[in-house]
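Structure first, commentary second.
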2 protein chains.
Amino acid sequence: MFRTFALPLALTGALALTGCAPAPAPPPAAATPVVDNPADIAALNDARAAFMKAYEAGDATAIGNLYMPDAISESNNQPSLVGRDAIVASLKGMFEQVGVKTTLTPAETRTLGNVGLDRGTYTVTVTPKAGAPPSTSEGRYMVIYVKDADGTWRVSRDMDNGLMPPAPPSTAAPAGESKQ
Amino acid sequence: MFRTFALPLALTGALALTGCAPAPAPPPAAATPVVDNPADIAALNDARAAFMKAYEAGDATAIGNLYMPDAISESNNQPSLVGRDAIVASLKGMFEQVGVKTTLTPAETRTLGNVGLDRGTYTVTVTPKAGAPPSTSEGRYMVIYVKDADGTWRVSRDMDNGLMPPAPPSTAAPAGESKQ
């Protein structure tokens with residue numbers, strides 16, 4: 001779980017290689033991670049597109065490869081999924097029963113060094129393979145990315161929730177109706 | 001909105017002050033933000049404790065001061081609140097109607113330089129001031145902190161969601177019951 005923010009070892013000592021041995025290492029506060037590097041933002045955009053494509057294809061393994069091995073996925077009203085294997089197993093079970101088309105619309109896509117944030121809204125249309133009519137829901141998502149050791153940005157943590165209050169109990173009149 | 005990951009200007013040029021003018025600046029990849037600095041983790045723990053205390057006191061202004069001015073708060077089944085002012089206004093409206101006791105139980109508290117992550121579960125007990133009985137709910141939270149210009153860690157983005165599937169429609173038998 002604590003791999004999330006770990007820096008690649010190859011980078012940790014790089015400040016010692018600037019060719020100025022007598023100079024003291026800069027204090028930790030002098031860290032200058034790159035903010036919103038265009039290549040990193042593009043990589044997050046690509047990852048989001050790959051996520052949507054793999055969902056529509058029902059490809060649990062491809063989705064799993066977009067997550068870190070120690071990722072934690074926390075979807076609304078579902079148990080937390082800890083680790084890529086658990087995420088893939090959950091997806092496989094779902095795709096046996098339904099087709100899922102997910103559209104992610106980012107509101108904010110940021111990177112800071114080797115960590116990133118992607119937030120926005122989603123629309124999901126679920127089509128049961130048993131033949132029931134499809135249903136569509138909307139919500140928000142928040143994803144924390146990290147750059148994996150191979151240079152690939154992968155999802156480390158994600159969460160989603162609902163945009164709208166749940167429907168009132170069937171015994172209550174819908175808001176705005178007062179005919180009786 | 002894009003203030004979240006901005007580095008204080010005072011730090012941006014600090015690498016130039018190491019007394020070794022001819023040395024080239026290290027490449028951006030050499031960034032070494034401090035991971036899980038104990039003082040920063042303690043500050044996040046303090047912020048979480050202050051959040052719970054201010055909630056129980058019904059103090060919307062105190063809660064607002066725990067957020068960045070440009071924070072975005074996305075609570076389950078509620079509209080997104082953009083900015084501290086909107087967050088405080090929403091809280092004031094809520095506290096006029098109910099008392100709220102919130103217990104946050106962290107599962108993960110991390111910092112990387114000037115950004116942090118706090119994730120876990122919550123239990124909220126809402127007591128209507130009109131006299132109705134209190135109700136308790138549980139869920140998960142994910143909070144992104146940033147270190148403000150004054151050195152205080154404040155919430156930049158937060159989201160929560162539900163742990164359990166919503167109750168079935170009242171016409172459906174509860175799971176496990178098959179008496180009829």
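Labels for the structure tokens follow display order: chains A, B, ..., residues from 1 in each chain, ligands from 1.
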Near-A:Met52 list (12 Å; only C-alpha atoms; drop same-chain fewer than 2 positions) as a PyMOL selection string: chain A and resi 45-50+54-60+62-63+66+100-105+122-125
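Every protein or nucleic acid residue with an atom no more than 6 Å from A:Gly64, counting only C-alpha atoms and leaving out same-chain residues fewer than 3 positions away, appears here: Thr61, Tyr67, Arg84 and Val88 of chain A.
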Sel. of alpha helix (DSSP H) residues, stretch 49-158 of chain A, as a VMD selection string: chain A and resid 49 to 57 60 to 64 84 to 97
For A:Ala149, the nearest of the candidates A:Asn114, A:Gln78, A:Gly120, A:Lys92, counting only C-alpha atoms: A:Asn114
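Closest approach to B:Leu112 among A:Pro134, A:Pro69, A:Pro33, A:Gly151: A:Pro33, based on only C-alpha atoms.
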Contact residues around B:Ile144 with only C-alpha atoms at 10 Å, ignoring same-chain residues under 3 positions, as a ChimeraX atom specification: /A:117,144 /B:4,71,109-111,115-119,153-159
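Between B:Asp70 and the candidates B:Val82, B:Val35, B:Ala107, B:Met164, the tightest atom-to-atom separation, counting only C-alpha atoms, involves B:Val82.
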Once DSSP has gone over the backbone, tell me which residues of stretch 54-175 of chain B are in strand (DSSP E or B), as a short mmCIF file (atom, residue, chain, number, x, y, z; two decimals) with N, CA and C atoms, in the first residue's frame.
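Once written, out-v5.cif looks like this:
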data_model
loop_
_atom_site.label_atom_id
_atom_site.label_comp_id
_atom_site.auth_asym_id
_atom_site.auth_seq_id
_atom_site.Cartn_x
_atom_site.Cartn_y
_atom_site.Cartn_z
N TYR B 67 -10.01 24.40 4.85
CA TYR B 67 -9.98 24.24 3.39
C TYR B 67 -9.18 25.37 2.76
N MET B 68 -8.55 25.07 1.62
CA MET B 68 -7.95 26.12 0.81
C MET B 68 -9.07 27.03 0.28
N PRO B 69 -8.76 28.30 0.01
CA PRO B 69 -9.81 29.18 -0.54
C PRO B 69 -10.40 28.64 -1.85
N ASP B 70 -9.59 27.90 -2.62
CA ASP B 70 -10.08 27.38 -3.90
C ASP B 70 -10.39 25.88 -3.83
N ALA B 71 -10.67 25.39 -2.63
CA ALA B 71 -10.95 23.96 -2.48
C ALA B 71 -12.22 23.57 -3.22
N ILE B 72 -12.29 22.29 -3.57
CA ILE B 72 -13.50 21.73 -4.17
C ILE B 72 -13.91 20.52 -3.34
N SER B 73 -15.13 20.58 -2.82
CA SER B 73 -15.63 19.51 -1.95
C SER B 73 -16.77 18.79 -2.66
N GLU B 74 -16.62 17.46 -2.78
CA GLU B 74 -17.60 16.69 -3.54
C GLU B 74 -18.14 15.57 -2.67
N LEU B 81 -19.12 21.59 -4.34
CA LEU B 81 -18.96 22.92 -3.73
C LEU B 81 -17.59 23.44 -4.15
N VAL B 82 -17.59 24.57 -4.85
CA VAL B 82 -16.35 25.12 -5.40
C VAL B 82 -15.97 26.37 -4.62
N VAL B 98 -29.38 20.66 11.70
CA VAL B 98 -28.95 19.41 12.34
C VAL B 98 -27.64 19.60 13.10
N GLY B 99 -27.45 18.75 14.09
CA GLY B 99 -26.13 18.58 14.69
C GLY B 99 -25.46 17.38 14.03
N VAL B 100 -24.15 17.45 13.86
CA VAL B 100 -23.45 16.41 13.13
C VAL B 100 -22.20 16.00 13.91
N LYS B 101 -22.13 14.73 14.23
CA LYS B 101 -20.91 14.19 14.83
C LYS B 101 -20.25 13.29 13.80
N THR B 102 -19.03 13.65 13.42
CA THR B 102 -18.30 12.91 12.39
C THR B 102 -17.06 12.28 12.99
N THR B 103 -16.89 10.99 12.77
CA THR B 103 -15.67 10.31 13.18
C THR B 103 -14.94 9.83 11.93
N LEU B 104 -13.73 10.33 11.74
CA LEU B 104 -12.91 9.91 10.60
C LEU B 104 -11.85 8.94 11.08
N THR B 105 -11.77 7.79 10.45
CA THR B 105 -10.78 6.78 10.81
C THR B 105 -9.85 6.57 9.62
N PRO B 106 -8.61 7.08 9.72
CA PRO B 106 -7.74 7.04 8.54
C PRO B 106 -7.25 5.61 8.25
N ALA B 107 -7.17 5.29 6.99
CA ALA B 107 -6.55 4.05 6.54
C ALA B 107 -5.16 4.33 5.96
N GLU B 108 -4.96 5.59 5.54
CA GLU B 108 -3.71 5.94 4.85
C GLU B 108 -3.53 7.45 4.93
N THR B 109 -2.39 7.87 5.41
CA THR B 109 -2.09 9.31 5.51
C THR B 109 -0.69 9.51 4.98
N ARG B 110 -0.57 10.23 3.86
CA ARG B 110 0.70 10.34 3.16
C ARG B 110 0.98 11.78 2.79
N THR B 111 2.25 12.11 2.72
CA THR B 111 2.62 13.41 2.14
C THR B 111 3.79 13.22 1.18
N LEU B 112 3.84 14.09 0.21
CA LEU B 112 4.92 14.12 -0.76
C LEU B 112 5.20 15.60 -1.02
N VAL B 115 2.15 18.21 -1.01
CA VAL B 115 0.82 17.63 -1.21
C VAL B 115 0.67 16.41 -0.30
N GLY B 116 -0.55 16.13 0.06
CA GLY B 116 -0.82 15.02 0.96
C GLY B 116 -2.10 14.30 0.59
N LEU B 117 -2.23 13.10 1.12
CA LEU B 117 -3.41 12.28 0.89
C LEU B 117 -3.85 11.70 2.22
N ASP B 118 -5.12 11.82 2.51
CA ASP B 118 -5.69 11.16 3.68
C ASP B 118 -6.93 10.40 3.22
N ARG B 119 -6.93 9.11 3.45
CA ARG B 119 -8.04 8.25 3.05
C ARG B 119 -8.51 7.45 4.25
N GLY B 120 -9.76 7.09 4.25
CA GLY B 120 -10.23 6.24 5.32
C GLY B 120 -11.73 6.10 5.29
N THR B 121 -12.27 5.82 6.46
CA THR B 121 -13.72 5.65 6.58
C THR B 121 -14.28 6.66 7.56
N TYR B 122 -15.56 6.91 7.43
CA TYR B 122 -16.21 7.85 8.34
C TYR B 122 -17.47 7.24 8.91
N THR B 123 -17.83 7.73 10.07
CA THR B 123 -19.15 7.47 10.64
C THR B 123 -19.75 8.83 10.98
N VAL B 124 -20.94 9.09 10.50
CA VAL B 124 -21.60 10.37 10.75
C VAL B 124 -22.92 10.12 11.44
N THR B 125 -23.14 10.82 12.53
CA THR B 125 -24.44 10.77 13.20
C THR B 125 -25.08 12.15 13.10
N VAL B 126 -26.24 12.19 12.50
CA VAL B 126 -26.95 13.45 12.26
C VAL B 126 -28.15 13.51 13.20
N THR B 127 -28.23 14.59 13.96
CA THR B 127 -29.32 14.75 14.92
C THR B 127 -30.12 16.00 14.55
N PRO B 128 -31.32 15.81 14.04
CA PRO B 128 -32.14 16.97 13.65
C PRO B 128 -32.48 17.83 14.87
N SER B 135 -29.72 9.78 13.11
CA SER B 135 -29.45 8.68 12.18
C SER B 135 -27.95 8.63 11.94
N THR B 136 -27.44 7.42 11.74
CA THR B 136 -26.01 7.22 11.56
C THR B 136 -25.74 6.57 10.21
N SER B 137 -24.72 7.06 9.54
CA SER B 137 -24.32 6.44 8.27
C SER B 137 -22.80 6.27 8.25
N GLU B 138 -22.35 5.38 7.38
CA GLU B 138 -20.92 5.10 7.25
C GLU B 138 -20.51 5.23 5.79
N GLY B 139 -19.23 5.50 5.59
CA GLY B 139 -18.74 5.58 4.23
C GLY B 139 -17.24 5.74 4.21
N ARG B 140 -16.72 6.09 3.04
CA ARG B 140 -15.28 6.30 2.85
C ARG B 140 -15.02 7.75 2.48
N TYR B 141 -13.83 8.22 2.77
CA TYR B 141 -13.44 9.57 2.37
C TYR B 141 -12.06 9.54 1.74
N MET B 142 -11.81 10.49 0.86
CA MET B 142 -10.48 10.67 0.27
C MET B 142 -10.24 12.17 0.19
N VAL B 143 -9.16 12.61 0.83
CA VAL B 143 -8.88 14.05 0.93
C VAL B 143 -7.48 14.32 0.38
N ILE B 144 -7.38 15.31 -0.48
CA ILE B 144 -6.08 15.77 -0.95
C ILE B 144 -5.76 17.09 -0.24
N TYR B 145 -4.66 17.08 0.46
CA TYR B 145 -4.20 18.27 1.17
C TYR B 145 -3.10 18.96 0.38
N VAL B 146 -2.96 20.25 0.59
CA VAL B 146 -1.78 20.98 0.13
C VAL B 146 -1.31 21.87 1.28
N LYS B 147 -0.01 22.13 1.26
CA LYS B 147 0.54 23.04 2.26
C LYS B 147 0.37 24.46 1.75
N TRP B 153 -1.27 23.05 6.45
CA TRP B 153 -1.86 22.07 5.53
C TRP B 153 -3.37 22.27 5.50
N ARG B 154 -3.92 22.42 4.28
CA ARG B 154 -5.36 22.60 4.14
C ARG B 154 -5.91 21.66 3.07
N VAL B 155 -7.19 21.39 3.18
CA VAL B 155 -7.85 20.50 2.22
C VAL B 155 -7.99 21.22 0.87
N SER B 156 -7.54 20.54 -0.17
CA SER B 156 -7.68 21.07 -1.52
C SER B 156 -8.85 20.43 -2.26
N ARG B 157 -8.96 19.14 -2.14
CA ARG B 157 -10.04 18.39 -2.80
C ARG B 157 -10.51 17.31 -1.83
N ASP B 158 -11.81 17.11 -1.75
CA ASP B 158 -12.26 15.95 -1.00
C ASP B 158 -13.46 15.31 -1.67
N MET B 159 -13.62 14.04 -1.38
CA MET B 159 -14.73 13.25 -1.92
C MET B 159 -15.05 12.17 -0.90
N ASP B 160 -16.31 11.79 -0.85
CA ASP B 160 -16.68 10.64 -0.03
C ASP B 160 -17.70 9.82 -0.79
N ASN B 161 -17.86 8.59 -0.35
CA ASN B 161 -18.92 7.77 -0.94
C ASN B 161 -19.40 6.73 0.06
N GLY B 162 -20.33 5.91 -0.39
CA GLY B 162 -20.97 4.96 0.51
C GLY B 162 -20.27 3.61 0.51
#
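Distance check against chain B using only C-alpha atoms: of A:Pro79, A:Gly131, A:Pro38, A:Gly93, the minimum falls on A:Pro79.
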